[in-house]
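A.B. asks: Below is one structure. I have some questions about it.
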Amino acid sequence: MNIKTFSIGGIHPEENKLTHEVETKVANLPKQAVFPLSQHIGAPAVPVVQKGDKVKVGTMIADAGGFVSAPIYSSVSGTVLKIDTAIDATGYRKPAIIINVEGDEWEETIDRSDKLETVKDHPELTPEEIINRVKTAGITGMGGAGFPTFIKLTPPPTAKAECVIINAVECEPYITADYRLMMEKADEILVGLELLMMAAKVTTGYIGIETNKPKAIDLLTKKCVEVFSALKYHVEVVPLKQRYPQGGEKQLVDAVINRQVPAPPAIPVNVGAIVQNVGTAYAVYEAVMKRKPLFERYTTVTGKRLQSPGNFLVRMGTPMQDLIEACGGMPEGDNKLLAGGPMMGKALTSTEVPICKGTNSVTIISDDEARRKEPQPCIRCAKCVGVCPMGLEPYLLAKVSEVKNWERAEREDIVSCIECGSCQFTCPAHRPLLDNIHQGKSTVMGIIRARAAKK
């Protein structure tokens with residue numbers, strides 16, 4: 001087996017895949033569902049319902065608010081209680097639509113059967129039709145970033161796609177939602193990949209999976225032979241070395257096709273690759289073949305002190321509290337609640353934060369695990385430089401951010417940081433490197449946007 005990986009940096013934190021072999025359960029419906037209007041990169045969605053309106057499962061409740069935006073659909077049936085604000089995964093109160101749940105009535109246009117739909121049975125599917133259905137369904141990247149999928153499938157004229165890479169790496173500790181999806185919905189994922197290749201007008205596809213998922217590698221390799229051997233496509237499963245952050249777009253492109261994506265504003269399609277999360281491929285299948293908008297997703301709920309950690313198919317808008325209760329409730333003592341995993345997840349102050357399009361995990365870490373040690377002076381050991389997958393100098397970026405030297409931060413390419421946390425994880429002096437870099441990167445990107453707006 002030829003095991004690949006990216007070329008620079010990386011770490012290997014403890015995996016803690018507690019829910020690896022826990023089959024996915026369908027989460028109970030919430031009593032009330034909360035839909036933040038910013039569930040994607042770009043402009044927030046704009047409400048198309050108002051207080052008192054009746055909605056069904058699959059009813060559009062907010063339309064795209066601009067080109068880089070995506071519509072939002074109700075995951076429940078019931079009555080719109082109000083359009084207000086609610087705390088989302090950023091920790092801030094943001095505009096949201098709140099719906100009281102009444103029954104479970106679906107829009108009639110959604111195909112709820114288990115029948116596997118294949119491309120050969122749908123001759124009406126052109127690249128344009130696929131992209132239109134993906135756009136209409138509100139599909140965004142399911143790996144966390146939340147970029148509207150239809151935009152990735154329509155690259156600028158200066159870039160030409162040569163392949164689609166499915167990101168099935170799931171290198172973040174604890175999270176197993178993508179793994180369970182692969183084990184339970186492999187056929188649908190491969191149809192989703194075929195649709196993505198058709199939309200991108202390419203005949204080459206790859207599925208990158210880390211070697212700690214041998215069952216998924218074997219299953220998808222076998223099914224790729226069955227599905228694609230008689231077609232004009234070349235699709236292969238690429239086993240990848242266990243190495244964080246292998247799931248970063250640029251690291252995955254490097255590992256799979258040995259091409260390096262330049263610094264921003266360059267994106268993977270500039271070197272010929274369109275990268276889509278495995279959850280996105282499944283969502284594309286459902287949107288195109290089942291006319292099902294994106295309103296539910298696979299999510300892991302996990303933590304060493306949880307009574308029964310698990311994987312759930314959960315409707316968007318469900319409060320995290322409901323899922324935590326389904327796993328035995330919040331453990332006693334002080335805990336840290338994360339939307340996501342321990343490396344890149346966001347700490348939350350409330351369990352009432354709703355599950356959104358990008359919520360791949362709810363992780364609960366005990367105070368003992370989460371508590372940071374007292375920072376010490378930097379000893380210039382350069383460990384942070386050695387593990388940075390972007391080839392940056394984190395100690396320097398953190399320092400210039402701390403002293404607010406934004407010009408130097410931009411010059412040192414702070415916007416290339418993917419905020420993976422490898423530097424902070426490996427620092428023997430326990431310096432808050434990522435905290436400072438995150439603040440600096442946000443500020444510098446704001447400066448760059450303001451400068452561009454003046455031109």
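Chain labels run A, B, ... following the order of the structure tokens; each chain numbers its residues from 1, and ligands are numbered from 1 in the order shown.
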Extract the full set of strand (DSSP E or B) residues from stretch 248-372 of chain A according to DSSP on the backbone, and format it as an MDAnalysis selection string.
C.D. replies: chainID A and resid 273:277 296:302 310:315 319 335:339 346:348 354 361:366
A.B. asks: May I have the residues within 7 Å of stretch 155-161 of chain A as a list in words, using only C-alpha atoms and disregarding those fewer than 3 positions away in the same chain?
C.D. replies: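 My list of contacting residues is Ile151, Lys152, Ala200, Val202, Val269, Asn270, Gly272, Ala273 and Ile274 of chain A.
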A.B. asks: Can you work out which one of A:Ala64, A:Glu249, A:Asp53, A:Ala453 has the shortest atom-to-atom distance to A:Val261, counting only C-alpha atoms?
C.D. replies: A:Glu249
A.B. asks: Closest to A:Gln251 among A:Ile99, A:Ala382, A:Met390, A:Ala326, using only C-alpha atoms?
C.D. replies: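 Looking at the shortest contact to A:Gln251, the residue is A:Met390.
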A.B. asks: Give me, as a tab-separated table, each residue of stretch 175-216 of chain A that comes within 9 Å of stretch 359-364 of chain A, together with its shortest interatomic pair and the distance in Å at one decimal, counting only C-alpha atoms, with rows ordered by chain and rising residue number.
C.D. replies:
residue	atom	partner	partner_atom	distance
A:Ile175	CA	A:Ser361	CA	6.1
A:Thr176	CA	A:Ser361	CA	8.3
A:Ala177	CA	A:Asn360	CA	6.6
A:Asp178	CA	A:Asn360	CA	8.2
A.B. asks: Output N, CA, C and O atoms of each residue in that selection to a file, as a PDB file, in the first residue's frame.
C.D. replies:
ATOM      1  N   ILE A 175     -13.511  13.161  16.455  1.00  0.00           N
ATOM      2  CA  ILE A 175     -14.635  13.180  15.510  1.00  0.00           C
ATOM      3  C   ILE A 175     -14.669  11.913  14.646  1.00  0.00           C
ATOM      4  O   ILE A 175     -13.644  11.488  14.109  1.00  0.00           O
ATOM      5  N   THR A 176     -15.867  11.323  14.499  1.00  0.00           N
ATOM      6  CA  THR A 176     -16.025  10.114  13.687  1.00  0.00           C
ATOM      7  C   THR A 176     -17.244  10.178  12.762  1.00  0.00           C
ATOM      8  O   THR A 176     -17.627   9.181  12.164  1.00  0.00           O
ATOM      9  N   ALA A 177     -17.872  11.351  12.641  1.00  0.00           N
ATOM     10  CA  ALA A 177     -19.094  11.474  11.838  1.00  0.00           C
ATOM     11  C   ALA A 177     -18.854  11.093  10.380  1.00  0.00           C
ATOM     12  O   ALA A 177     -19.666  10.383   9.771  1.00  0.00           O
ATOM     13  N   ASP A 178     -17.748  11.551   9.800  1.00  0.00           N
ATOM     14  CA  ASP A 178     -17.453  11.227   8.395  1.00  0.00           C
ATOM     15  C   ASP A 178     -17.182   9.737   8.222  1.00  0.00           C
ATOM     16  O   ASP A 178     -17.580   9.129   7.217  1.00  0.00           O
TER      17      ASP A 178
END
A.B. asks: Please report, as JSON lines, each residue of stretch 216-290 of chain A lying at most 10 Å from stretch 9-23 of chain A, together with the nearest pair of atoms and the separation in Å rounded to one decimal; use only C-alpha atoms, and order rows by chain and ascending residue number.
C.D. replies:
{"residue": "A:Gln242", "atom": "CA", "partner": "A:His12", "partner_atom": "CA", "distance": 7.0}
{"residue": "A:Arg243", "atom": "CA", "partner": "A:His12", "partner_atom": "CA", "distance": 5.3}
{"residue": "A:Tyr244", "atom": "CA", "partner": "A:Ile11", "partner_atom": "CA", "distance": 5.3}
{"residue": "A:Pro245", "atom": "CA", "partner": "A:Gly10", "partner_atom": "CA", "distance": 6.2}
{"residue": "A:Gln246", "atom": "CA", "partner": "A:Gly10", "partner_atom": "CA", "distance": 7.9}
{"residue": "A:Gln251", "atom": "CA", "partner": "A:Gly10", "partner_atom": "CA", "distance": 9.5}
A.B. asks: Got a sec: who's within 12 Å of stretch 55-60 of chain A, counting only C-alpha atoms, leaving out chain neighbours fewer than 2 positions off, as a compact mmCIF listing (two decimals) with C-alpha atoms, in the first residue's frame?
C.D. replies:
# COMPACT_ATOMS: atom_id res chain seq x y z
CA LEU A 29 -36.83 16.11 16.98
CA ALA A 33 -35.53 24.73 16.30
CA PHE A 35 -31.79 28.60 12.46
CA ALA A 45 -29.31 34.47 4.28
CA VAL A 46 -32.40 36.71 4.13
CA PRO A 47 -35.64 35.51 5.80
CA VAL A 48 -38.55 34.71 3.46
CA VAL A 49 -40.94 33.77 6.29
CA GLN A 50 -42.42 35.81 9.09
CA LYS A 51 -43.93 35.26 12.53
CA GLY A 52 -46.93 32.95 12.42
CA ASP A 53 -46.07 31.27 9.09
CA ALA A 62 -34.26 32.15 4.15
CA ASP A 63 -32.89 32.84 0.67
CA ALA A 64 -29.29 33.55 -0.32
CA ALA A 70 -26.75 30.01 0.52
CA PRO A 71 -30.42 29.50 1.30
CA ILE A 72 -31.59 27.87 4.54
CA TYR A 73 -34.39 25.31 4.80
CA SER A 74 -36.49 24.28 7.75
CA SER A 75 -35.62 20.88 9.17
CA VAL A 76 -38.90 20.72 11.08
CA SER A 77 -42.59 21.35 10.56
CA GLY A 78 -44.39 23.86 12.71
CA THR A 79 -44.95 27.58 13.23
CA VAL A 80 -42.45 30.41 12.96
CA LEU A 81 -42.34 31.81 16.50
CA ILE A 97 -35.35 32.19 12.73
CA ILE A 98 -37.00 30.32 15.61
CA ILE A 99 -39.64 27.68 14.88
CA ASN A 100 -41.92 25.81 17.28
CA VAL A 101 -42.02 22.16 16.22
CA GLU A 102 -45.41 20.59 15.45
CA GLY A 103 -45.40 17.06 14.04
CA ASP A 104 -43.09 16.04 11.18
CA GLU A 105 -44.72 16.94 7.87
CA TRP A 106 -42.37 17.01 4.86
CA GLU A 107 -42.58 18.86 1.55
CA GLU A 108 -44.06 16.47 -1.01
CA THR A 109 -41.28 17.18 -3.55
CA ILE A 110 -38.68 15.36 -1.41
CA ASP A 111 -38.08 11.70 -2.30
CA ARG A 112 -37.97 9.90 1.08
CA THR A 136 -30.92 25.68 -4.78
CA ALA A 137 -30.53 23.07 -2.00
CA GLY A 138 -28.30 25.38 0.05
CA ALA A 287 -30.00 17.27 -3.30
CA LYS A 290 -33.75 13.07 -3.96
CA ARG A 291 -34.60 16.79 -4.29
CA LYS A 292 -33.73 17.07 -0.61
CA PRO A 293 -32.36 20.41 0.61
CA LEU A 294 -29.60 20.46 3.20
CA PHE A 295 -31.33 20.43 6.59
CA GLU A 296 -29.73 17.53 8.47
CA ARG A 315 -31.79 18.05 12.05
CA MET A 316 -30.32 21.55 11.79
CA GLY A 317 -31.58 23.85 14.50
A.B. asks: Taking 3 positions as the minimum chain separation for residues in the same chain, which residues sit within 8 Å of stretch 401-405 of chain A when counting only C-alpha atoms? Answer as an mmCIF file with C-alpha atoms, in the first residue's frame.
C.D. replies:
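The result, written out as around.cif:
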data_model
loop_
_atom_site.group_PDB
_atom_site.id
_atom_site.type_symbol
_atom_site.label_atom_id
_atom_site.label_comp_id
_atom_site.auth_asym_id
_atom_site.auth_seq_id
_atom_site.Cartn_x
_atom_site.Cartn_y
_atom_site.Cartn_z
ATOM 1 C CA LEU A 397 3.493 35.936 13.744
ATOM 2 C CA ALA A 398 2.260 35.668 17.332
ATOM 3 C CA ARG A 408 4.852 43.227 9.466
ATOM 4 C CA ALA A 409 2.195 40.563 10.065
ATOM 5 C CA ASN A 436 -2.482 35.869 19.038
ATOM 6 C CA ILE A 437 -2.199 34.736 15.415
ATOM 7 C CA GLN A 439 -6.454 37.969 16.266
ATOM 8 C CA GLY A 440 -3.690 39.210 13.982
#
